[in-house]
$ cat work-v4.txt   # compact mmCIF, C-alpha atoms
# COMPACT_ATOMS: atom_id res chain seq x y z
CA MET A 249 -134.28 266.10 43.96
CA SER A 250 -136.57 265.09 46.87
CA PHE A 251 -135.72 262.39 49.33
CA ILE A 252 -138.54 260.15 48.10
CA THR A 253 -137.47 260.50 44.48
CA ALA A 254 -133.87 259.72 45.33
CA ALA A 255 -134.93 256.76 47.43
CA VAL A 256 -137.07 255.38 44.65
CA ILE A 257 -134.29 255.75 42.09
CA GLY A 258 -131.53 254.39 44.30
CA GLY A 259 -133.56 251.55 45.77
CA GLY A 260 -135.05 250.69 42.37
CA ALA A 261 -131.60 250.46 40.83
CA MET A 262 -130.41 248.14 43.55
CA LEU A 263 -133.54 245.97 43.34
CA GLY A 264 -133.26 245.87 39.55
CA SER A 265 -129.65 244.76 39.78
CA ALA A 266 -130.60 242.12 42.35
CA TYR A 267 -133.45 240.88 40.15
CA LEU A 268 -131.18 240.53 37.15
CA GLY A 269 -128.56 238.69 39.18
CA SER A 270 -131.17 236.40 40.72
CA ARG A 271 -132.71 235.70 37.32
CA ALA A 272 -129.30 234.86 35.88
CA ALA A 273 -128.63 232.41 38.72
CA LYS A 274 -132.05 230.83 38.20
CA ASP A 275 -131.54 230.54 34.44
CA ALA A 276 -128.13 228.97 34.98
CA ALA A 277 -129.65 226.41 37.36
CA SER A 278 -132.44 225.70 34.86
CA ALA A 279 -129.93 225.16 32.05
CA GLN A 280 -127.92 222.87 34.32
CA GLY A 281 -131.10 220.95 35.14
CA GLN A 282 -132.02 220.46 31.48
CA SER A 283 -128.50 219.31 30.66
CA SER A 284 -128.51 216.87 33.59
CA GLU A 285 -131.91 215.45 32.67
CA ALA A 286 -130.73 214.94 29.08
CA ALA A 287 -127.61 213.16 30.35
CA ILE A 288 -129.70 210.92 32.63
CA ASP A 289 -132.09 210.06 29.80
CA GLU A 290 -129.14 209.15 27.56
CA GLN A 291 -127.62 206.94 30.26
CA ARG A 292 -130.92 205.10 30.64
CA ARG A 293 -131.36 204.82 26.87
CA GLN A 294 -127.93 203.27 26.47
CA TYR A 295 -128.62 200.78 29.27
CA ASP A 296 -132.01 199.84 27.77
CA LEU A 297 -130.31 199.29 24.39
CA SER A 298 -127.76 197.02 26.04
CA ARG A 299 -130.54 194.99 27.66
CA GLU A 300 -132.25 194.65 24.30
CA ASP A 301 -129.02 193.74 22.50
CA THR A 302 -128.00 191.08 25.02
CA ALA A 303 -131.49 189.61 25.45
CA PRO A 304 -130.96 186.69 22.99
CA TRP A 305 -127.79 185.54 24.78
CA ARG A 306 -129.31 185.93 28.22
CA GLU A 307 -132.48 184.08 27.24
CA ALA A 308 -130.55 181.29 25.52
CA GLY A 309 -128.27 181.01 28.55
CA GLY A 310 -131.27 180.76 30.85
CA SER A 311 -132.79 178.01 28.71
CA ALA A 312 -129.49 176.11 28.68
CA VAL A 313 -129.19 176.31 32.46
CA SER A 314 -132.76 175.03 32.80
CA ARG A 315 -132.07 172.11 30.46
CA LEU A 316 -128.82 171.27 32.24
CA SER A 317 -130.63 171.27 35.56
CA GLN A 318 -133.12 168.74 34.20
CA LEU A 319 -130.46 166.49 32.70
CA LEU A 320 -128.46 166.55 35.93
CA GLY A 321 -131.49 165.55 37.96
CA LEU A 322 -132.04 168.97 39.51
CA ASP A 323 -135.46 170.55 39.89
CA GLY A 324 -137.17 167.21 39.41
CA GLY A 325 -135.43 166.44 36.11
CA THR A 326 -134.74 163.05 34.59
CA GLY A 327 -131.01 163.13 35.34
CA GLY A 328 -130.02 161.69 31.97
CA LEU A 329 -126.45 162.98 32.24
CA ASN A 330 -126.00 161.08 35.50
CA LYS A 331 -127.08 157.75 33.99
CA LYS A 332 -124.55 154.93 34.16
CA PHE A 333 -123.66 152.82 31.15
CA SER A 334 -125.41 149.45 31.08
CA VAL A 335 -125.71 146.32 28.92
CA ALA A 336 -129.00 147.73 27.66
CA ASP A 337 -127.18 150.85 26.49
CA PHE A 338 -124.64 148.65 24.73
CA MET A 339 -127.34 146.68 22.95
CA GLU A 340 -129.24 149.87 22.03
CA ASP A 341 -126.11 151.53 20.67
CA PRO A 342 -126.80 152.17 16.95
CA VAL A 343 -123.25 151.14 16.06
CA THR A 344 -123.64 147.92 18.01
CA LYS A 345 -126.89 147.17 16.24
CA LEU A 346 -125.30 147.71 12.85
CA SER A 347 -122.01 145.87 13.26
CA TYR A 348 -121.74 143.75 16.40
CA GLN A 349 -123.59 140.65 15.29
CA SER A 350 -122.17 140.64 11.80
CA GLY A 351 -118.63 141.04 13.14
CA LEU A 352 -119.18 138.23 15.64
CA ASP A 353 -120.56 135.95 12.95
CA LEU A 354 -117.74 136.70 10.54
CA GLY A 355 -115.09 136.10 13.19
CA THR A 356 -116.69 132.85 14.32
CA GLU A 357 -116.97 131.65 10.74
CA ALA A 358 -113.36 132.48 10.02
CA LEU A 359 -112.16 130.54 13.07
CA GLY A 360 -114.40 127.62 12.08
CA ARG A 361 -112.86 127.48 8.64
CA MET A 362 -109.37 127.57 10.05
CA ARG A 363 -110.14 124.69 12.38
CA GLY A 364 -112.03 122.84 9.66
CA ALA A 365 -108.98 122.92 7.44
CA THR A 366 -107.08 121.00 10.09
CA GLY A 367 -109.96 118.68 10.99
CA ASN A 368 -110.33 120.10 14.51
CA ARG A 369 -113.56 122.09 14.08
CA ARG A 370 -115.27 120.48 17.10
CA SER A 371 -112.27 119.95 19.31
CA GLY A 372 -112.04 121.42 22.77
CA ALA A 373 -109.30 123.79 21.67
CA ALA A 374 -111.45 125.06 18.84
CA LEU A 375 -114.42 125.67 21.14
CA LYS A 376 -112.17 127.41 23.64
CA GLU A 377 -110.75 129.60 20.93
CA LEU A 378 -114.23 130.52 19.71
CA SER A 379 -115.33 131.36 23.25
CA ARG A 380 -112.28 133.54 23.81
CA PHE A 381 -112.87 135.30 20.52
CA GLY A 382 -116.51 135.96 21.41
CA THR A 383 -115.56 137.33 24.81
CA ASP A 384 -112.74 139.52 23.53
CA TYR A 385 -114.77 140.78 20.62
CA THR A 386 -117.74 141.61 22.84
CA GLY A 387 -115.50 143.34 25.38
CA GLN A 388 -113.85 145.41 22.66
CA LYS A 389 -117.16 146.47 21.19
CA ALA A 390 -118.61 147.16 24.64
CA GLY A 391 -115.63 149.41 25.41
CA GLU A 392 -116.16 151.31 22.18
CA SER A 393 -119.86 151.67 22.98
CA TYR A 394 -118.99 152.81 26.52
CA ASN A 395 -116.75 155.57 25.14
CA ARG A 396 -119.41 156.68 22.71
CA PHE A 397 -122.02 156.73 25.47
CA TYR A 398 -120.06 159.02 27.80
CA GLY A 399 -118.65 160.98 24.88
CA ASP A 400 -122.19 161.84 23.84
CA GLN A 401 -123.05 162.84 27.40
CA ASP A 402 -119.96 165.03 27.67
CA ARG A 403 -120.63 166.71 24.34
CA LEU A 404 -124.20 167.46 25.33
CA TYR A 405 -123.10 168.84 28.68
CA ASN A 406 -120.32 170.97 27.16
CA ARG A 407 -122.62 172.43 24.54
CA LEU A 408 -125.29 173.37 27.05
CA ALA A 409 -122.65 174.65 29.46
CA GLY A 410 -121.15 176.77 26.67
CA VAL A 411 -124.50 178.36 25.89
CA SER A 412 -125.26 178.92 29.57
CA GLY A 413 -121.78 180.42 30.01
CA THR A 414 -122.44 182.83 27.16
CA GLY A 415 -125.66 183.86 28.86
CA GLN A 416 -123.84 184.25 32.17
CA THR A 417 -121.20 186.46 30.57
CA ALA A 418 -123.86 188.62 28.93
CA THR A 419 -125.74 188.91 32.23
CA THR A 420 -122.57 189.74 34.16
CA ASN A 421 -121.57 192.42 31.66
CA LEU A 422 -125.07 193.88 31.71
CA GLY A 423 -125.05 193.90 35.51
CA ALA A 424 -121.73 195.75 35.53
CA GLN A 425 -123.12 198.24 33.03
CA GLY A 426 -126.19 198.66 35.22
CA VAL A 427 -124.02 199.45 38.22
CA GLN A 428 -122.00 201.94 36.17
CA THR A 429 -125.19 203.51 34.81
CA GLY A 430 -126.56 203.86 38.33
CA THR A 431 -123.30 205.42 39.47
CA ASN A 432 -123.29 207.85 36.55
CA ILE A 433 -126.90 208.86 37.13
CA GLY A 434 -126.21 209.28 40.84
CA ASN A 435 -123.25 211.53 40.09
CA ILE A 436 -125.32 213.56 37.63
CA MET A 437 -128.13 213.96 40.16
CA THR A 438 -125.64 214.93 42.84
CA GLY A 439 -124.14 217.53 40.53
CA LEU A 440 -127.62 218.79 39.68
CA GLY A 441 -128.48 219.05 43.36
CA ASN A 442 -125.27 220.94 44.03
CA ALA A 443 -125.97 223.30 41.13
CA ARG A 444 -129.50 223.99 42.31
CA GLY A 445 -128.29 224.45 45.87
CA ALA A 446 -125.59 226.85 44.70
CA ALA A 447 -128.15 228.76 42.64
CA ALA A 448 -130.48 229.03 45.63
CA ILE A 449 -127.62 230.26 47.81
CA ALA A 450 -126.57 232.70 45.11
CA GLN A 451 -130.12 234.04 44.85
CA GLY A 452 -130.31 234.39 48.62
CA ASN A 453 -126.98 236.18 48.69
CA ILE A 454 -128.06 238.47 45.85
CA TRP A 455 -131.30 239.51 47.51
CA GLY A 456 -129.67 239.65 50.92
CA GLY A 457 -126.90 241.83 49.52
CA ALA A 458 -129.46 244.05 47.81
CA ALA A 459 -131.38 244.47 51.04
CA GLN A 460 -128.17 245.26 52.91
CA ASN A 461 -127.09 247.74 50.25
CA ILE A 462 -130.46 249.48 50.37
CA GLY A 463 -130.25 249.62 54.15
CA ASN A 464 -126.72 250.99 54.04
CA TRP A 465 -127.65 253.46 51.35
CA TYR A 466 -130.64 254.67 53.34
CA ALA A 467 -128.64 254.98 56.57
CA GLN A 468 -125.84 256.84 54.81
CA ASN A 469 -128.32 259.17 53.14
CA GLN A 470 -130.02 259.89 56.43
CA LEU A 471 -126.70 260.56 58.14
CA LEU A 472 -125.46 262.88 55.41
CA ASN A 473 -128.72 264.79 55.35
CA ARG A 474 -128.45 265.33 59.07
CA ILE A 475 -124.92 266.60 58.67
CA TYR A 476 -125.68 268.69 55.59
CA PRO A 477 -129.39 269.49 55.80
CA GLN A 478 -131.13 271.27 52.94
CA GLY A 479 -133.95 273.60 53.79
CA GLY A 480 -137.34 273.39 52.33
CA GLY A 481 -140.67 273.88 53.95
CA GLY A 482 -139.07 273.83 57.36
CA SER A 483 -138.47 270.13 57.07
CA SER A 484 -135.47 268.81 58.90
CA ILE A 485 -135.08 265.98 56.41
CA GLY A 486 -133.47 266.78 53.13
CA THR A 487 -131.74 264.86 50.41
CA TYR A 488 -127.99 264.85 50.23
CA THR A 489 -126.52 264.77 46.79
CA PRO A 490 -122.89 264.25 45.89
CA TYR A 491 -122.63 267.23 43.58
CA GLN A 492 -120.64 269.49 45.88
CA THR A 493 -118.05 272.17 45.39
CA GLY A 494 -116.25 274.45 47.70
CA ASN A 495 -114.99 274.03 51.21
CA LEU A 496 -117.03 271.44 53.07
CA GLY A 497 -115.79 272.88 56.27
CA ALA A 498 -117.42 276.19 55.39
CA GLY A 499 -120.68 274.40 54.70
CA THR A 500 -120.88 275.40 51.03
CA ILE A 501 -123.10 272.77 49.35
CA TYR A 502 -124.79 272.89 45.98
CA GLY A 503 -127.51 270.36 45.54
CA GLY A 504 -130.39 269.77 43.14

$ encode --input "work-v4.txt" --output "structure tokens"
Amino acid sequence: MSFITAAVIGGGAMLGSAYLGSRAAKDAASAQGQSSEAAIDEQRRQYDLSREDTAPWREAGGSAVSRLSQLLGLDGGTGGLNKKFSVADFMEDPVTKLSYQSGLDLGTEALGRMRGATGNRRSGAALKELSRFGTDYTGQKAGESYNRFYGDQDRLYNRLAGVSGTGQTATTNLGAQGVQTGTNIGNIMTGLGNARGAAAIAQGNIWGGAAQNIGNWYAQNQLLNRIYPQGGGGSSIGTYTPYQTGNLGAGTIYGG
């Protein structure tokens, strides 16, 4: 076998092995890349679904916060929830309109009849008693109207605050999920980068090792052919082959 033929066969085998190893590393990195991209897409899909699912609560919460801001006098609002109770509110109270005057009239009439039965309808005591009744009755009804007024304000505030709190909770949970999604995607991308880096290093090592093996093989072949030259055409360069028998010290070599 000639030196050139042996070199072609030996070097080709090493290059073929290196190519297969490099291709395997590249395919592994490609598979890792596809898997990572699929994982990233799924993370984003899940986050987008969460945004869509929580949208009604977040939107309702935003509307409630906006309405509360107006009723509290923020952002140029009317400040209805900060309004103080007044005589006008008492007189405009639906319950007051329905029952105050009739109750006052009935009470006054009852006192008048009681005094009339004793012949003291127009006495000073009777007038004083009627005045006290009117004052007490009005104060009682005003207190009831006052409680209804602020009770209505508190109920309105609590309802809007409850809706805004629901929106805040949904937004907070979505934000936490967004952070976790970002962290997961970052970890996946880091892993993908490491895998691609490792594949590149592996390919470099494979081809570098192949080149070194070819160099070592060539140097060894040259050295052995100098030590055990094979004649042919007067050339000083032969091709050493490992098929040997006999005493090496006697220089007995059988080669193809």

$ residues_around --input "work-v4.txt" --residues "range 298-301 of chain A" --least-positions-apart "5" --cutoff "12 Å" --atoms "all atoms listed in the file" --output "list in words"
Gln291, Arg292, Arg293, Arg306, Glu307, Ala418, Thr419, Thr420, Asn421, Leu422, Gly423, Ala424, Gln425, Gly426 and Thr429 of chain A

$ atom_distance --input "work-v4.txt" --atom1 "CA of Ala458 in chain A" --atom2 "CA of Asn473 in chain A"
22.1 Å

$ atom_distance --input "work-v4.txt" --atom1 "CA of Val343 in chain A" --atom2 "CA of Ala390 in chain A"
10.5 Å

$ closest_residue --input "work-v4.txt" --among "A:Asn442, A:Asn432, A:Asn330, A:Gln280" --to "Gln318 in chain A" --atoms "only C-alpha atoms"
A:Asn330

$ closest_residue --input "work-v4.txt" --among "A:Gln401, A:Gln460, A:Thr438, A:Gln349" --to "Glu285 in chain A" --atoms "only C-alpha atoms"
A:Thr438

$ atom_distance --input "work-v4.txt" --atom1 "CA of Thr326 in chain A" --atom2 "CA of Ser314 in chain A"
12.3 Å

$ residues_around --input "work-v4.txt" --residues "Ser311 in chain A" --least-positions-apart "4" --cutoff "10 Å" --atoms "all atoms listed in the file" --output "PDB file with C-alpha atoms, in the frame of the given file"
ATOM      1  CA  TRP A 305    -127.790 185.540  24.780  1.00  0.00           C
ATOM      2  CA  ARG A 306    -129.310 185.930  28.220  1.00  0.00           C
ATOM      3  CA  GLU A 307    -132.480 184.080  27.240  1.00  0.00           C
ATOM      4  CA  ARG A 315    -132.070 172.110  30.460  1.00  0.00           C
ATOM      5  CA  LEU A 316    -128.820 171.270  32.240  1.00  0.00           C
ATOM      6  CA  SER A 317    -130.630 171.270  35.560  1.00  0.00           C
ATOM      7  CA  LEU A 408    -125.290 173.370  27.050  1.00  0.00           C
ATOM      8  CA  VAL A 411    -124.500 178.360  25.890  1.00  0.00           C
ATOM      9  CA  SER A 412    -125.260 178.920  29.570  1.00  0.00           C
ATOM     10  CA  GLY A 415    -125.660 183.860  28.860  1.00  0.00           C
TER      11      GLY A 415
END

$ closest_residue --input "work-v4.txt" --among "A:Asp323, A:Glu290, A:Asp384, A:Glu392" --to "Asp337 in chain A" --atoms "only C-alpha atoms"
A:Glu392

$ closest_residue --input "work-v4.txt" --among "A:Arg444, A:Tyr394, A:Glu377, A:Gly264" --to "Ala276 in chain A" --atoms "only C-alpha atoms"
A:Arg444

$ residues_around --input "work-v4.txt" --residues "Tyr398 in chain A" --least-positions-apart "2" --cutoff "10 Å" --atoms "all atoms listed in the file" --output "ChimeraX atom specification"
/A:329-333,393-396,400-404

$ residues_around --input "work-v4.txt" --residues "Gly281 in chain A" --least-positions-apart "4" --cutoff "12 Å" --atoms "all atoms listed in the file" --output "MDAnalysis selection string"
chainID A and resid 274:277 285:288 436:445 447
